[in-house]
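Participant: Sharing structure-v5.cif here; it has mmCIF, C-alpha atoms.
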data_data
#
loop_
_atom_site.label_atom_id
_atom_site.label_comp_id
_atom_site.auth_asym_id
_atom_site.auth_seq_id
_atom_site.Cartn_x
_atom_site.Cartn_y
_atom_site.Cartn_z
CA MET T 248 18.85 22.64 16.66
CA ILE T 249 17.98 25.69 14.59
CA ILE T 250 20.20 26.38 11.64
CA GLU T 251 20.51 30.04 10.75
CA SER T 252 18.19 30.66 7.83
CA SER T 253 20.64 32.22 5.42
CA GLN T 254 18.78 30.63 2.48
CA LEU T 255 15.66 32.60 3.18
CA THR T 256 15.10 36.23 2.53
CA PRO T 257 13.07 37.38 5.50
CA ASP T 258 9.95 38.48 3.66
CA TYR T 259 6.47 37.09 3.78
CA ALA T 260 6.27 36.02 0.14
CA SER T 261 9.32 33.76 0.12
CA ARG T 262 8.33 32.16 3.39
CA GLU T 263 4.89 31.39 2.05
CA ARG T 264 6.49 29.91 -1.02
CA LEU T 265 8.71 27.74 1.14
CA MET T 266 5.66 26.48 2.99
CA GLU T 267 3.89 25.66 -0.23
CA ARG T 268 6.85 23.52 -1.23
CA ILE T 269 6.97 21.75 2.13
CA LEU T 270 3.26 21.02 1.76
CA ASP T 271 3.88 19.76 -1.79
CA ILE T 272 6.37 17.25 -0.47
CA GLY T 273 3.94 16.09 2.21
CA GLU T 274 1.13 15.81 -0.31
CA LEU T 275 3.21 13.77 -2.75
CA MET T 276 4.33 11.47 0.05
CA LEU T 277 0.76 10.82 1.17
CA GLN T 278 -0.40 10.22 -2.38
CA SER T 279 2.38 7.69 -3.00
CA GLY T 280 1.33 5.72 0.06
CA ALA T 281 3.62 6.91 2.86
CA GLU T 282 2.79 6.24 6.48
CA ILE T 283 1.55 9.20 8.52
CA ASN T 284 4.47 9.11 10.94
CA ARG T 285 6.95 9.25 8.12
CA VAL T 286 5.26 12.26 6.54
CA GLU T 287 5.09 14.16 9.83
CA ASP T 288 8.69 13.33 10.56
CA THR T 289 9.89 14.47 7.14
CA LEU T 290 7.98 17.75 7.28
CA HIS T 291 9.41 18.41 10.75
CA ARG T 292 12.97 17.90 9.61
CA LEU T 293 12.51 19.96 6.46
CA SER T 294 11.02 22.91 8.34
CA ARG T 295 13.83 22.84 10.89
CA ALA T 296 16.41 22.69 8.13
CA TYR T 297 15.00 25.94 6.76
CA GLY T 298 15.24 27.57 10.15
CA ALA T 299 11.65 27.41 11.35
CA VAL T 300 10.11 25.84 14.42
CA PRO T 301 7.38 23.58 13.03
CA ASP T 302 4.09 22.30 14.27
CA VAL T 303 2.77 19.63 11.92
CA TYR T 304 -0.40 17.60 11.92
CA VAL T 305 -1.13 15.11 9.18
CA ILE T 306 -4.14 12.90 8.57
CA VAL T 307 -4.89 10.94 5.42
CA PHE T 308 -6.38 13.80 3.45
CA SER T 309 -5.19 16.92 5.17
CA ILE T 310 -1.98 18.55 6.30
CA VAL T 311 -1.93 21.40 8.81
CA ILE T 312 1.36 23.11 9.41
CA THR T 313 2.49 26.15 11.37
CA LEU T 314 6.01 27.49 11.04
CA ARG T 315 7.36 29.84 13.70
CA PHE T 316 10.31 31.95 12.68
CA PRO T 317 12.70 32.90 15.46
CA ASP T 318 13.65 36.20 13.79
CA GLY T 319 10.02 37.17 13.38
CA GLN T 320 9.88 39.18 16.61
CA THR T 321 12.58 41.60 15.56
CA GLY T 322 12.69 41.79 11.75
CA PRO T 323 10.14 42.70 9.11
CA ALA T 324 9.16 39.06 8.59
CA PRO T 325 6.11 37.43 10.19
CA ALA T 326 6.61 35.52 13.42
CA SER T 327 4.55 32.59 12.22
CA ILE T 328 2.64 31.31 9.19
CA THR T 329 -0.04 28.65 9.10
CA GLN T 330 -1.23 26.80 6.02
CA THR T 331 -3.39 23.80 5.36
CA ARG T 332 -3.56 21.53 2.36
CA ARG T 333 -6.38 19.27 1.28
CA VAL T 334 -4.81 16.10 -0.09
CA SER T 335 -6.79 14.25 -2.71
CA ASP T 336 -6.95 10.48 -3.03
CA GLN T 337 -3.95 8.24 -3.20
CA ASP T 338 -2.52 7.70 -6.69
CA GLY T 339 -1.48 4.17 -5.87
CA ILE T 340 1.58 3.01 -4.04
CA ASP T 341 4.81 4.23 -5.63
CA PHE T 342 7.92 3.37 -3.67
CA ILE T 343 10.41 4.89 -6.08
CA LYS T 344 8.67 8.23 -5.72
CA LEU T 345 8.77 7.90 -1.94
CA ASP T 346 12.43 7.05 -2.10
CA GLU T 347 13.19 10.13 -4.18
CA LEU T 348 11.18 12.36 -1.85
CA ASN T 349 13.07 10.96 1.14
CA ASP T 350 16.31 11.55 -0.66
CA LEU T 351 15.34 15.13 -1.48
CA SER T 352 14.43 15.92 2.10
CA ARG T 353 17.60 14.30 3.39
CA ARG T 354 19.63 16.49 1.04
CA CYS T 355 17.71 19.56 2.21
CA CYS T 356 18.44 18.70 5.82
CA ARG T 357 22.16 18.56 5.16
CA ARG T 358 22.15 21.76 3.12
CA PRO T 359 18.88 23.59 2.50
CA LEU T 360 18.37 23.97 -1.25
CA PRO T 361 17.46 27.40 -2.61
CA LEU T 362 13.76 27.71 -3.34
CA GLU T 363 14.09 27.57 -7.12
CA GLU T 364 16.08 24.34 -6.97
CA LEU T 365 13.64 22.84 -4.51
CA GLU T 366 10.76 23.74 -6.82
CA ALA T 367 12.49 22.17 -9.81
CA GLU T 368 13.22 18.97 -7.89
CA ILE T 369 9.63 18.66 -6.68
CA SER T 370 8.11 19.08 -10.10
CA ARG T 371 10.58 16.56 -11.53
CA ILE T 372 9.54 13.99 -8.92
CA ARG T 373 5.85 14.79 -9.38
CA ASP T 374 5.98 14.13 -13.11
CA ASP T 375 7.78 10.83 -12.69
CA ARG T 376 4.93 8.38 -13.07
CA VAL T 377 4.88 4.59 -13.11
CA ARG T 378 5.33 3.53 -16.71
CA LEU T 379 2.39 1.81 -18.33
CA TRP T 380 4.39 -1.27 -19.30
CA ARG T 381 5.56 -1.72 -15.72
CA LEU T 382 2.01 -1.41 -14.49
CA SER T 383 0.79 -3.93 -17.06
CA LEU T 384 3.62 -6.35 -16.35
CA GLY T 385 3.08 -6.20 -12.59
CA ASN T 386 -0.67 -6.63 -12.97
CA ALA T 387 -0.37 -9.54 -15.40
CA VAL T 388 2.24 -11.42 -13.37
CA GLY T 389 0.23 -10.84 -10.19
CA ALA T 390 -3.04 -12.03 -11.73
CA PHE T 391 -1.45 -15.08 -13.34
CA SER T 392 0.43 -16.09 -10.19
CA PHE T 393 -2.51 -15.83 -7.84
CA SER T 394 -4.90 -17.52 -10.21
CA VAL T 395 -2.56 -20.52 -10.30
CA PHE T 396 -1.72 -20.11 -6.61
CA PHE T 397 -5.33 -20.71 -5.60
CA GLY T 398 -5.60 -23.78 -7.79
CA GLY T 399 -6.18 -22.60 -11.35
CA SER T 400 -4.54 -24.13 -14.39
CA ALA T 401 -1.94 -22.26 -16.43
CA LEU T 402 -4.68 -21.37 -18.92
CA ASP T 403 -6.81 -19.87 -16.15
CA GLY T 404 -3.77 -17.89 -15.15
CA LEU T 405 -3.34 -16.55 -18.67
CA ALA T 406 -6.99 -15.57 -18.82
CA ALA T 407 -6.64 -13.75 -15.51
CA ALA T 408 -3.58 -11.95 -16.87
CA LEU T 409 -5.57 -10.98 -19.96
CA PHE T 410 -8.33 -9.50 -17.82
CA SER T 411 -5.73 -7.63 -15.77
CA PHE T 412 -5.12 -5.54 -18.89
CA LEU T 413 -8.83 -4.73 -18.94
CA ILE T 414 -8.47 -3.52 -15.33
CA ILE T 415 -5.66 -1.17 -16.33
CA LEU T 416 -7.66 0.05 -19.30
CA LEU T 417 -10.60 0.83 -17.02
CA GLN T 418 -8.34 2.47 -14.44
CA LYS T 419 -6.82 4.70 -17.10
CA SER T 420 -10.14 5.66 -18.68
CA LEU T 421 -12.85 5.50 -16.00
CA GLY T 422 -10.49 6.23 -13.15
CA ARG T 423 -9.76 9.68 -14.44
CA TYR T 424 -13.40 10.72 -14.20
CA SER T 425 -14.38 8.86 -11.06
CA THR T 426 -15.32 11.01 -8.12
CA ASN T 427 -15.94 8.19 -5.76
CA ARG T 428 -13.70 5.23 -5.22
CA ILE T 429 -16.46 3.02 -3.88
CA LEU T 430 -18.74 3.38 -6.89
CA TYR T 431 -15.77 3.17 -9.21
CA THR T 432 -14.54 -0.10 -7.67
CA MET T 433 -18.02 -1.54 -7.97
CA ILE T 434 -18.26 -0.66 -11.66
CA VAL T 435 -14.78 -1.98 -12.49
CA SER T 436 -15.48 -5.23 -10.61
CA ALA T 437 -18.82 -5.67 -12.35
CA ILE T 438 -17.32 -5.13 -15.82
CA VAL T 439 -14.31 -7.38 -15.24
CA GLY T 440 -16.48 -10.01 -13.55
CA THR T 441 -18.99 -10.03 -16.39
CA GLY T 442 -16.18 -10.41 -18.90
CA ILE T 443 -14.79 -13.39 -17.04
CA GLY T 444 -18.26 -14.90 -16.64
CA LEU T 445 -18.99 -14.61 -20.36
CA LEU T 446 -15.62 -16.14 -21.27
CA CYS T 447 -16.29 -19.08 -18.99
CA ARG T 448 -19.73 -19.65 -20.47
CA ALA T 449 -18.28 -19.64 -23.97
CA VAL T 450 -15.27 -21.81 -23.15
CA PRO T 451 -16.30 -24.35 -20.51
CA PHE T 452 -12.86 -25.65 -19.57
CA PHE T 453 -11.93 -22.32 -18.00
CA SER T 454 -12.54 -22.19 -14.28
CA ARG T 455 -14.50 -19.07 -13.40
CA PRO T 456 -13.58 -19.01 -9.70
CA MET T 457 -9.86 -19.25 -10.39
CA ILE T 458 -9.78 -16.50 -13.01
CA MET T 459 -11.91 -14.25 -10.83
CA ILE T 460 -9.71 -14.83 -7.78
CA GLY T 461 -6.62 -13.84 -9.74
CA ASP T 462 -8.18 -10.51 -10.64
CA ILE T 463 -9.77 -10.03 -7.22
CA MET T 464 -6.26 -10.15 -5.75
CA LEU T 465 -5.37 -7.13 -7.89
CA LEU T 466 -8.43 -5.13 -6.88
CA ASN T 467 -8.87 -6.07 -3.27
CA PRO T 468 -7.98 -3.57 -0.57
CA GLY T 469 -6.11 -6.01 1.65
CA ILE T 470 -2.96 -3.90 1.70
CA THR T 471 -4.86 -0.73 2.60
CA MET T 472 -6.58 -2.61 5.40
CA ILE T 473 -3.32 -3.96 6.82
CA ASN T 474 -1.78 -0.50 6.69
CA ALA T 475 -4.86 0.95 8.38
CA VAL T 476 -4.55 -1.39 11.34
CA ARG T 477 -0.86 -0.59 11.61
CA GLU T 478 -1.59 3.14 11.64
CA MET T 479 -3.96 2.59 14.55
CA MET T 480 -1.35 0.52 16.39
CA VAL T 481 1.32 3.20 16.14
CA GLY T 482 -0.99 5.91 17.43
CA ASN T 483 -2.56 7.53 14.35
CA THR T 484 -6.01 6.45 15.34
CA ILE T 485 -7.99 8.83 13.15
CA SER T 486 -6.02 8.13 9.98
CA GLY T 487 -6.13 4.42 10.66
CA GLU T 488 -9.87 4.43 11.19
CA ILE T 489 -10.55 6.47 8.07
CA ARG T 490 -8.45 4.09 6.00
CA PHE T 491 -10.00 1.05 7.67
CA ILE T 492 -13.58 2.09 7.00
CA GLU T 493 -12.62 3.09 3.48
CA SER T 494 -10.98 -0.24 2.72
CA PHE T 495 -13.84 -2.16 4.27
CA THR T 496 -16.42 -0.35 2.17
CA TRP T 497 -14.17 -0.81 -0.79
CA ALA T 498 -14.13 -4.59 -0.17
CA LEU T 499 -17.94 -4.58 0.00
CA ALA T 500 -18.10 -2.66 -3.28
CA LEU T 501 -15.76 -5.18 -4.88
CA ALA T 502 -17.91 -8.03 -3.62
CA ALA T 503 -21.08 -6.34 -4.85
CA GLY T 504 -19.58 -5.83 -8.32
CA PHE T 505 -18.44 -9.42 -8.70
CA MET T 506 -21.70 -10.76 -7.25
CA LEU T 507 -23.64 -8.78 -9.81
CA ALA T 508 -21.40 -10.24 -12.52
CA ILE T 509 -21.89 -13.80 -11.27
CA HIS T 510 -25.65 -13.22 -11.20
CA LEU T 511 -25.67 -11.85 -14.72
CA THR T 512 -23.60 -14.59 -16.31
CA ALA T 513 -24.42 -17.71 -14.30
CA MET Z 765 6.50 -33.51 2.89
CA PHE Z 766 4.66 -30.97 0.75
CA THR Z 767 2.30 -31.93 -2.04
CA VAL Z 768 2.82 -30.85 -5.65
CA THR Z 769 0.06 -28.26 -5.32
CA GLU Z 770 1.88 -26.75 -2.40
CA TYR Z 771 5.15 -26.54 -4.31
CA ILE Z 772 3.29 -24.78 -7.11
CA GLN Z 773 1.80 -22.43 -4.54
CA LEU Z 774 5.26 -21.61 -3.19
CA LEU Z 775 6.52 -20.82 -6.68
CA MET Z 776 3.47 -18.68 -7.41
CA ALA Z 777 3.84 -16.86 -4.08
CA PHE Z 778 7.35 -15.97 -5.23
CA THR Z 779 6.36 -14.70 -8.69
CA GLY Z 780 3.14 -13.12 -7.45
CA SER Z 781 4.91 -11.07 -4.80
CA MET Z 782 7.40 -9.93 -7.40
CA GLY Z 783 4.52 -8.96 -9.67
CA PHE Z 784 3.06 -6.78 -6.95
CA ALA Z 785 6.52 -5.39 -6.22
CA VAL Z 786 6.68 -4.20 -9.83
CA LEU Z 787 3.18 -2.80 -9.52
CA PHE Z 788 4.15 -0.85 -6.39
CA HIS Z 789 7.13 0.60 -8.25
CA ILE Z 790 9.82 -0.85 -6.06
CA ARG Z 791 13.46 -0.31 -7.02
CA ARG Z 792 14.76 -3.09 -9.23
CA LYS Z 793 17.35 -4.31 -6.73
CA SER Z 794 14.64 -4.89 -4.11
CA ILE Z 795 12.25 -6.92 -6.28
CA PRO Z 796 13.88 -10.37 -5.69
CA ALA Z 797 13.85 -9.78 -1.92
CA ALA Z 798 10.12 -9.03 -2.12
CA GLY Z 799 9.56 -12.32 -3.94
CA ILE Z 800 11.59 -14.28 -1.41
CA GLY Z 801 9.57 -12.66 1.36
CA GLY Z 802 6.32 -13.82 -0.26
CA LEU Z 803 7.67 -17.34 -0.67
CA ALA Z 804 8.90 -17.48 2.92
CA ALA Z 805 5.58 -16.16 4.24
CA TRP Z 806 3.68 -18.90 2.43
CA LEU Z 807 6.24 -21.52 3.54
CA VAL Z 808 5.64 -20.56 7.17
CA TYR Z 809 1.88 -20.59 6.57
CA LEU Z 810 2.05 -24.12 5.12
CA ILE Z 811 4.30 -25.40 7.92
CA VAL Z 812 1.95 -24.10 10.61
CA MET Z 813 -1.03 -25.55 8.72
CA HIS Z 814 0.75 -28.93 8.56
CA MET Z 815 1.27 -28.74 12.31
CA GLY Z 816 -2.50 -28.59 12.55
CA ARG Z 817 -2.70 -25.17 14.18
CA GLY Z 818 -5.35 -23.79 11.83
CA TYR Z 819 -5.44 -20.89 9.40
CA MET Z 820 -5.49 -18.12 12.00
CA MET Z 821 -2.20 -19.08 13.61
CA ALA Z 822 -0.77 -19.83 10.18
CA SER Z 823 -1.64 -16.34 8.89
CA PHE Z 824 -0.33 -14.82 12.09
CA ALA Z 825 2.99 -16.66 11.86
CA GLY Z 826 3.31 -15.83 8.17
CA ALA Z 827 2.68 -12.16 8.89
CA ILE Z 828 5.26 -12.09 11.68
CA LEU Z 829 7.78 -13.59 9.30
CA CYS Z 830 6.95 -10.87 6.75
CA GLY Z 831 7.53 -8.24 9.42
CA LEU Z 832 10.91 -9.69 10.42
CA TRP Z 833 12.01 -10.16 6.83
CA SER Z 834 11.07 -6.63 5.88
CA GLU Z 835 12.95 -5.11 8.84
CA PHE Z 836 15.97 -7.24 7.97
CA MET Z 837 15.95 -6.31 4.28
CA ALA Z 838 15.22 -2.66 5.10
CA ARG Z 839 18.49 -2.47 6.99
CA ARG Z 840 20.45 -4.31 4.32
CA GLN Z 841 19.14 -2.31 1.37
CA LYS Z 842 18.54 1.03 3.12
CA GLN Z 843 14.86 1.18 2.14
CA PRO Z 844 11.80 1.66 4.32
CA ALA Z 845 10.51 -1.63 5.72
CA THR Z 846 7.08 -1.14 4.12
CA VAL Z 847 8.64 -1.72 0.71
CA PHE Z 848 9.24 -5.37 1.55
CA LEU Z 849 6.36 -5.84 3.94
CA ILE Z 850 3.60 -4.85 1.55
CA SER Z 851 4.72 -7.11 -1.27
CA SER Z 852 5.63 -10.16 0.78
CA VAL Z 853 2.36 -10.18 2.71
CA ILE Z 854 0.29 -10.47 -0.48
CA PRO Z 855 0.11 -14.32 -0.67
CA LEU Z 856 -1.47 -14.38 2.79
CA ILE Z 857 -4.39 -12.16 1.74
CA PRO Z 858 -7.54 -14.30 1.62
CA GLY Z 859 -8.55 -13.86 -2.01
CA ASN Z 860 -10.10 -17.30 -2.21
CA ALA Z 861 -12.13 -16.88 0.97
CA LEU Z 862 -13.44 -13.54 -0.28
CA TYR Z 863 -14.51 -15.14 -3.56
CA GLN Z 864 -16.17 -18.08 -1.78
CA THR Z 865 -18.08 -15.66 0.47
CA MET Z 866 -19.41 -13.81 -2.55
CA ASN Z 867 -20.22 -16.96 -4.46
CA SER Z 868 -22.11 -18.47 -1.54
CA LEU Z 869 -24.09 -15.26 -1.14
CA VAL Z 870 -25.08 -15.38 -4.81
CA THR Z 871 -26.11 -19.02 -4.71
CA GLY Z 872 -28.02 -18.40 -1.50
CA GLU Z 873 -26.04 -20.75 0.72
CA LEU Z 874 -25.99 -18.43 3.67
CA ARG Z 875 -24.37 -20.87 6.05
CA ASP Z 876 -21.37 -21.20 3.72
CA ALA Z 877 -21.32 -17.46 3.15
CA TRP Z 878 -21.13 -16.87 6.88
CA ARG Z 879 -18.36 -19.46 7.32
CA TRP Z 880 -16.24 -18.05 4.49
CA GLY Z 881 -16.95 -14.49 5.57
CA VAL Z 882 -15.66 -15.22 9.05
CA ILE Z 883 -12.56 -16.86 7.56
CA THR Z 884 -11.93 -13.78 5.40
CA VAL Z 885 -12.25 -11.36 8.28
CA MET Z 886 -10.27 -13.45 10.79
CA THR Z 887 -7.43 -13.99 8.33
CA MET Z 888 -7.20 -10.25 7.71
CA ILE Z 889 -7.24 -9.54 11.44
CA PHE Z 890 -4.44 -11.97 12.14
CA ILE Z 891 -2.29 -10.72 9.25
CA ALA Z 892 -2.76 -7.17 10.50
CA LEU Z 893 -1.92 -8.23 14.06
CA GLY Z 894 1.23 -10.04 13.00
CA THR Z 895 2.60 -7.19 10.89
CA SER Z 896 1.63 -4.53 13.44
CA LEU Z 897 3.22 -6.40 16.33
CA THR Z 898 6.54 -6.74 14.57
CA ALA Z 899 6.45 -3.11 13.49
CA ALA Z 900 5.61 -2.00 17.04
CA ALA Z 901 8.39 -4.18 18.46
CA PHE Z 902 10.97 -2.63 16.14
CA ILE Z 903 9.78 0.92 16.78
CA THR Z 904 9.89 0.37 20.55
CA SER Z 905 13.32 -1.25 20.49
CA GLY Z 906 14.60 1.63 18.36
CA ARG Z 907 13.31 4.12 20.92
CA ILE Z 908 14.88 2.21 23.80
CA ARG Z 909 18.21 2.11 22.01
CA ARG Z 910 18.06 5.84 21.29
CA ALA Z 911 17.13 6.62 24.90
CA GLU Z 912 20.05 4.53 26.15
CA LYS Z 913 22.43 6.32 23.85
CA LYS Z 914 21.42 9.63 25.38
CA LEU Z 915 22.11 8.43 28.95
#
Here is a file; write its structure as structure tokens.
Facilitator:
Amino acid sequence: MIIESSQLTPDYASRERLMERILDIGELMLQSGAEINRVEDTLHRLSRAYGAVPDVYVIVFSIVITLRFPDGQTGPAPASITQTRRVSDQDGIDFIKLDELNDLSRRCCRRPLPLEELEAEISRIRDDRVRLWRLSLGNAVGAFSFSVFFGGSALDGLAAALFSFLIILLQKSLGRYSTNRILYTMIVSAIVGTGIGLLCRAVPFFSRPMIMIGDIMLLNPGITMINAVREMMVGNTISGEIRFIESFTWALALAAGFMLAIHLTA
Amino acid sequence: MFTVTEYIQLLMAFTGSMGFAVLFHIRRKSIPAAGIGGLAAWLVYLIVMHMGRGYMMASFAGAILCGLWSEFMARRQKQPATVFLISSVIPLIPGNALYQTMNSLVTGELRDAWRWGVITVMTMIFIALGTSLTAAAFITSGRIRRAEKKL
């Protein structure tokens, strides 16, 4: 199923550049919360579309890819190139970004884009971030709903929504400098928890548990944990285990932060 | 047959799932489906609880429904199934049990902490099982269909 690689000039530099772009796409997919299988599958298809025989291995924070070029034996171009990419932490789930990346790779599979166009498309998708108002709205509605869901009054819900803005504020300020998600989660939980505790001491008709639960729902790693188990079930044992341990530790950090807050304000 | 609290819960499952859908940056056309998934998941949870089968089976059944719903909507709206799965499974996540575990640990009631801790972990396990089983079933059936096509 090898398409003739008319798009590629058969020199080392352009093939390396192509690989960089393929790795970019994989990296962006992982950071927006794609499943491992989907990333591997996409990188496979993309490489084939550009006329290479791929060998791809993806785990949560690393991509290893070897492209073999069928014309490498005869022409001036290399027969194969290998590159790896260290992928930093997830940016948070972003399904629109994933959708656009899928769309881009589907277009490339039908008709491989020239490198310049591919580069332009990738940087456009990379810069497309979740808007702050969307983030705030989603957080506030989530916090309100689950505060009331677990038995809080409408006022508790509003307080939870208010503290969800504090979470975003902390994510935007502290999050940029955090090197370690565990410690960072613990600090955010402690600050938010202390805020809620103080509010409930000042205004007794607020229910501390209900407000806290609303905001815990925003911070808790339940989704990561569910995804981790699913990764293990479909055969990506290593990725699944890494994610599972990470989310479990993350839950402990969250608990530690809120427990500290309850201690401080009770 | 449901109490008022439970109706409120159903409504909040609907809005809450939509809130998370917005947070996860889901396309606008898919947001209502995510909310309906959350509502349906909690409806199934409540029905199983009313049948007296306990929270583990209830979470499991709710998670299976989320899996089926997400595969169904994925085909209708041409989106990956995860889009719907992740947001509709949110109401099942044991936020309350996690809080109670922490609170009992702080107040030193270790017996309660243990009980709530087990509930938290078991709920998560059964949600994960339910969603994984449906995903595995759909992946396998897809492979069988593709293999048959080749024959």
Participant: Please identify every residue of chain Z that has at least one atom no more than 7 Å from any atom of chain T, counting only C-alpha atoms, and report them as a list in words.
Facilitator: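 Matching residues, ligands excluded from the count: Ile772, Gln773, Met776, Ala777, Thr779, Gly780, Gly783, Phe784, Val786, Leu787, Phe788, His789, Ile790, Arg791, Val847, Ile850, Ile857, Gly859, Asn860, Tyr863, Met866, Asn867, Val870, Ala892, Ser896 and Ala900 of chain Z.
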Participant: Given the PyMOL selection byres ((chain T and resi 313) around 6) and the file above, list the residues it selects as a PyMOL selection string.
Facilitator: chain T and resi 301-302+312+314+328-329
Participant: Please provide as a PDB file with C-alpha atoms, in the frame of the given file all residues within 7 Å of region 444-451 of chain T, with the sequence filter that same-chain residues fewer than 3 positions apart are discarded (counting all atoms listed in the file).
Facilitator:
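Output file result00.pdb is given in full below:
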ATOM      1  CA  GLY T 440     -16.480 -10.010 -13.550  1.00  0.00           C
ATOM      2  CA  THR T 441     -18.990 -10.030 -16.390  1.00  0.00           C
ATOM      3  CA  SER T 454     -12.540 -22.190 -14.280  1.00  0.00           C
ATOM      4  CA  ARG T 455     -14.500 -19.070 -13.400  1.00  0.00           C
ATOM      5  CA  ALA T 508     -21.400 -10.240 -12.520  1.00  0.00           C
ATOM      6  CA  ILE T 509     -21.890 -13.800 -11.270  1.00  0.00           C
ATOM      7  CA  THR T 512     -23.600 -14.590 -16.310  1.00  0.00           C
TER       8      THR T 512
END
Participant: CA of Ser851 (chain Z) and CA of Arg490 (chain T), how far apart in Å?
Facilitator: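 The value is 18.8 Å.
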Participant: What's the separation between CA of Ala296 (chain T) and CA of Leu362 (chain T), in Å to one decimal place?
Facilitator: 12.8 Å
Participant: Given only C-alpha atoms as the basis, pick out the residue of T:Ile443, T:Ile438, T:Ile489, T:Ile369 nearest to Ile269 (chain T).
Facilitator: T:Ile369
Participant: Need to verify the contact set: region 801-809 of chain Z, 7 Å, all atoms listed in the file, exclusion of same-chain residues closer than 4 positions in sequence. Can you return it as a PyMOL selection string?
Facilitator: chain Z and resi 774+777-778+781+797+813+822-823+825-827+829-830+833+851-856
Participant: Tell me, in Å to one decimal, how far CA of Glu493 (chain T) is from CA of Gly831 (chain Z).
Facilitator: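 Separation of CA of Glu493 (chain T) and CA of Gly831 (chain Z): 23.9 Å.
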Participant: Would you mind listing what lies within 7 Å of Met782 (chain Z) as a ChimeraX atom specification, with only C-alpha atoms counted and same-chain residues fewer than 6 positions away left out?
Facilitator: /Z:795-796,798-799
Participant: Got time to write the residues from that selection, C-alpha atoms, as an mmCIF file, keeping the file's coordinate frame?
Facilitator:
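The new file part-v2.cif reads:
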data_model
loop_
_atom_site.group_PDB
_atom_site.id
_atom_site.type_symbol
_atom_site.label_atom_id
_atom_site.label_comp_id
_atom_site.auth_asym_id
_atom_site.auth_seq_id
_atom_site.Cartn_x
_atom_site.Cartn_y
_atom_site.Cartn_z
ATOM 1 C CA ILE Z 795 12.250 -6.920 -6.280
ATOM 2 C CA PRO Z 796 13.880 -10.370 -5.690
ATOM 3 C CA ALA Z 798 10.120 -9.030 -2.120
ATOM 4 C CA GLY Z 799 9.560 -12.320 -3.940
#
Participant: Which residue is closest to Thr898 (chain Z)? Choose from Z:Glu835, Z:Asp876, Z:Glu770, Z:Glu912 and count only C-alpha atoms.
Facilitator: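 So, comparing all the options, the nearest one is Z:Glu835.
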Participant: Quick one: of Z:Val885, Z:Pro858, Z:Phe902, Z:Met815, who's nearest to Arg839 (chain Z), counting all atoms listed in the file?
Facilitator: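 Closest to Arg839 (chain Z) of all the choices is Z:Phe902.
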Participant: Taking the file as shown, what set of residues would the PyMOL selection byres ((chain T and resi 423-431) around 9) give back, as a ChimeraX atom specification?
Facilitator: /T:336,418-422,432-436,493,496-501
Participant: Could you tell me which residues the PyMOL selection byres ((chain T and resi 273) around 12) returns for this structure, as JSON, numbers by chain?
Facilitator: {"T": [266, 267, 268, 269, 270, 271, 272, 274, 275, 276, 277, 278, 279, 280, 281, 282, 283, 284, 285, 286, 287, 288, 289, 290, 291, 292, 293, 294, 303, 304, 305, 306, 307, 308, 309, 310, 311, 312, 331, 332, 333, 334, 335, 345, 348, 349, 352, 369, 373]}
Participant: Would you mind telling me which residue in T:Cys356, T:Leu416, T:Val439, T:Ala260 lies nearest to Gly298 (chain T) when using all atoms listed in the file?
Facilitator: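 Residue with the minimum atom-to-atom distance to Gly298 (chain T): T:Cys356.
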Participant: Taking all listed atoms of region 382-386 of chain T, build the axis-aligned box, pad each of the six sides by 8 Å, then write its centre and edge lengths in Å to one decimal as lines of an AutoDock Vina configuration file.
Facilitator:
center_x = 1.5
center_y = -4.0
center_z = -14.8
size_x = 20.3
size_y = 21.2
size_z = 20.5
